[in-house]
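Asks: Before anything else, here's the structure in question.
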Amino acid sequence: MRLTTKGRYAVTAMLDLAFYSQDKPVTLTEIAARQTISLSYLEQLFARLRKAGIVQGVRGPGGGYQLNQDAKKISIGAIVEAVNEPLDSTKCGGEANCQHESMCLTHDLWMGLSEHIESYLTNITLADLLAKGDERRNAEQMGESVVKIRRTRKKS
């Protein structure tokens with residue numbers, strides 16, 4: 001499987017949107033700046049995400065984009081699929097014509113891998129990733145607190 005920049009950037013941008021659009025719509029310019037993704041590239045991705053019904057645009061002052069449904073209902077697989085990113089590990093695109101118009105010896109292996117990847121990404125939501133980010137931030141904050149306590153104790 002080859003997850004290209006298109007799929008990676010779409011997931012990154014959607015995670016950014018999910019995090020920052022909880023209070024107000026987010027502009028693509030803001031996402032581009034935070035995630036160092038080209039604005040024109042984001043415009044292309046969000047046109048596809050909007051067409052798939054994953055995001056919605058908000059016009060006017062204070063406008064931008066927001067999720068079209070709860071983050072618990074948006075799977076990473078749906079995001080990747082919306083930007084037309086194939087999740088296929090086979091050389092033949094799943095057509096079983098890998099080797100001289102017939103199935104190669106490892107076709108079933110790569111098809112199975114593709115199915116596992118698709119299942120994995122379909123079972124992870126934006127909400128899951130947001131929760132993992134919260135856990136990581138909390139752990140980092142706890143780690144910083146422990147370091148401060150140790151420094152204070154050493155000075156005493």
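Every chain in the structure tokens has a letter given in the order shown (A, B, ...), and although residue numbers restart at 1 in each chain, ligands are simply numbered from 1 in the order shown.
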Skipping near chain neighbours, those fewer than 2 positions away, what residues fall within 9 Å of A:Ile76 using only C-alpha atoms, listed as an MDAnalysis selection string?

Replies: chainID A and resid 11 74 78:81 120:126

Asks: Counting only C-alpha atoms, which residue out of A:Asp108, A:Ser21, A:Arg48, A:Ser38 sits closest to A:Gln69?

Replies: A:Ser21

Asks: For A:Ala127, which of A:Ala18, A:Leu3, A:Ala52, A:Leu113 is the closest residue, counting only C-alpha atoms?

Replies: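 That would be A:Ala18, the residue with the smallest distance to A:Ala127.
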
Asks: Run DSSP on the backbone and grab whatever in stretch 15-131 of chain A lands in strand (DSSP E); send it over as a PyMOL selection string.

Replies: chain A and resi 55-58+64-67

Asks: Generate the output file for the selected residues, N, CA and C atoms, as an mmCIF file, in the first residue's frame.

Replies:
```cif
data_model
loop_
_atom_site.group_PDB
_atom_site.id
_atom_site.type_symbol
_atom_site.label_atom_id
_atom_site.label_comp_id
_atom_site.auth_asym_id
_atom_site.auth_seq_id
_atom_site.Cartn_x
_atom_site.Cartn_y
_atom_site.Cartn_z
ATOM 1 N N VAL A 55 -16.954 17.719 5.451
ATOM 2 C CA VAL A 55 -16.827 19.072 5.991
ATOM 3 C C VAL A 55 -17.879 19.953 5.332
ATOM 4 N N GLN A 56 -18.098 21.102 5.957
ATOM 5 C CA GLN A 56 -18.982 22.092 5.343
ATOM 6 C C GLN A 56 -18.321 23.460 5.459
ATOM 7 N N GLY A 57 -18.534 24.259 4.436
ATOM 8 C CA GLY A 57 -18.011 25.607 4.437
ATOM 9 C C GLY A 57 -18.982 26.555 5.113
ATOM 10 N N VAL A 58 -18.428 27.547 5.793
ATOM 11 C CA VAL A 58 -19.225 28.585 6.439
ATOM 12 C C VAL A 58 -18.795 29.904 5.804
ATOM 13 N N GLY A 64 -15.197 29.836 7.366
ATOM 14 C CA GLY A 64 -14.134 28.848 7.207
ATOM 15 C C GLY A 64 -14.773 27.487 7.005
ATOM 16 N N TYR A 65 -14.172 26.497 7.602
ATOM 17 C CA TYR A 65 -14.694 25.137 7.506
ATOM 18 C C TYR A 65 -14.941 24.579 8.894
ATOM 19 N N GLN A 66 -15.869 23.634 8.942
ATOM 20 C CA GLN A 66 -16.118 22.874 10.168
ATOM 21 C C GLN A 66 -16.537 21.472 9.772
ATOM 22 N N LEU A 67 -16.482 20.578 10.728
ATOM 23 C CA LEU A 67 -16.896 19.202 10.474
ATOM 24 C C LEU A 67 -18.388 19.187 10.168
#
```

Asks: Would you mind reading off the distance between atom CA of A:Gly112 and atom CA of A:Gly7, one decimal, in Å?

Replies: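 Value for the atom CA of A:Gly112-atom CA of A:Gly7 distance: 20.5 Å.
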
Asks: Could you tell me how far atom CA of A:Tyr20 sits from atom CA of A:Ala131, in Å to one decimal place?

Replies: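 Value for the atom CA of A:Ala131-atom CA of A:Tyr20 distance: 13.9 Å.
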
Asks: Restricting the calculation to only C-alpha atoms: of A:Leu45, A:Leu105, A:Leu15, A:Ile117, which residue gets closest to A:Asn84?

Replies: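 Smallest distance to A:Asn84 is found for A:Leu45.
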
Asks: May I ask which of the residues A:Leu49, A:Leu130, A:Glu30, A:Lys24 is the closest one to A:Asn68, counting only C-alpha atoms?

Replies: A:Leu49

Asks: So the first atom is atom CA of A:Val26 and the second is atom CA of A:Asp128; what is the distance between them in Å, to one decimal place?

Replies: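 Between atom CA of A:Val26 and atom CA of A:Asp128 the gap works out to 20.4 Å.
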
Asks: As a list in words, please: the residues near A:Ala13 (cut-off 8 Å, only C-alpha atoms, same-chain neighbours under 6 positions excluded).

Replies: Ile31, Gln35 and Leu42 of chain A

Asks: Take the selection from the previous step and output its residues with N, CA and C atoms, as an mmCIF file, in the first residue's frame.

Replies:
```cif
data_model
loop_
_atom_site.group_PDB
_atom_site.id
_atom_site.type_symbol
_atom_site.label_atom_id
_atom_site.label_comp_id
_atom_site.auth_asym_id
_atom_site.auth_seq_id
_atom_site.Cartn_x
_atom_site.Cartn_y
_atom_site.Cartn_z
ATOM 1 N N ILE A 31 -5.055 26.480 8.841
ATOM 2 C CA ILE A 31 -4.572 25.098 8.793
ATOM 3 C C ILE A 31 -3.242 25.042 8.053
ATOM 4 N N GLN A 35 0.079 23.604 9.863
ATOM 5 C CA GLN A 35 0.526 22.275 9.423
ATOM 6 C C GLN A 35 1.554 22.335 8.287
ATOM 7 N N LEU A 42 -4.502 22.407 -0.002
ATOM 8 C CA LEU A 42 -5.620 22.251 0.939
ATOM 9 C C LEU A 42 -6.955 22.567 0.266
#
```
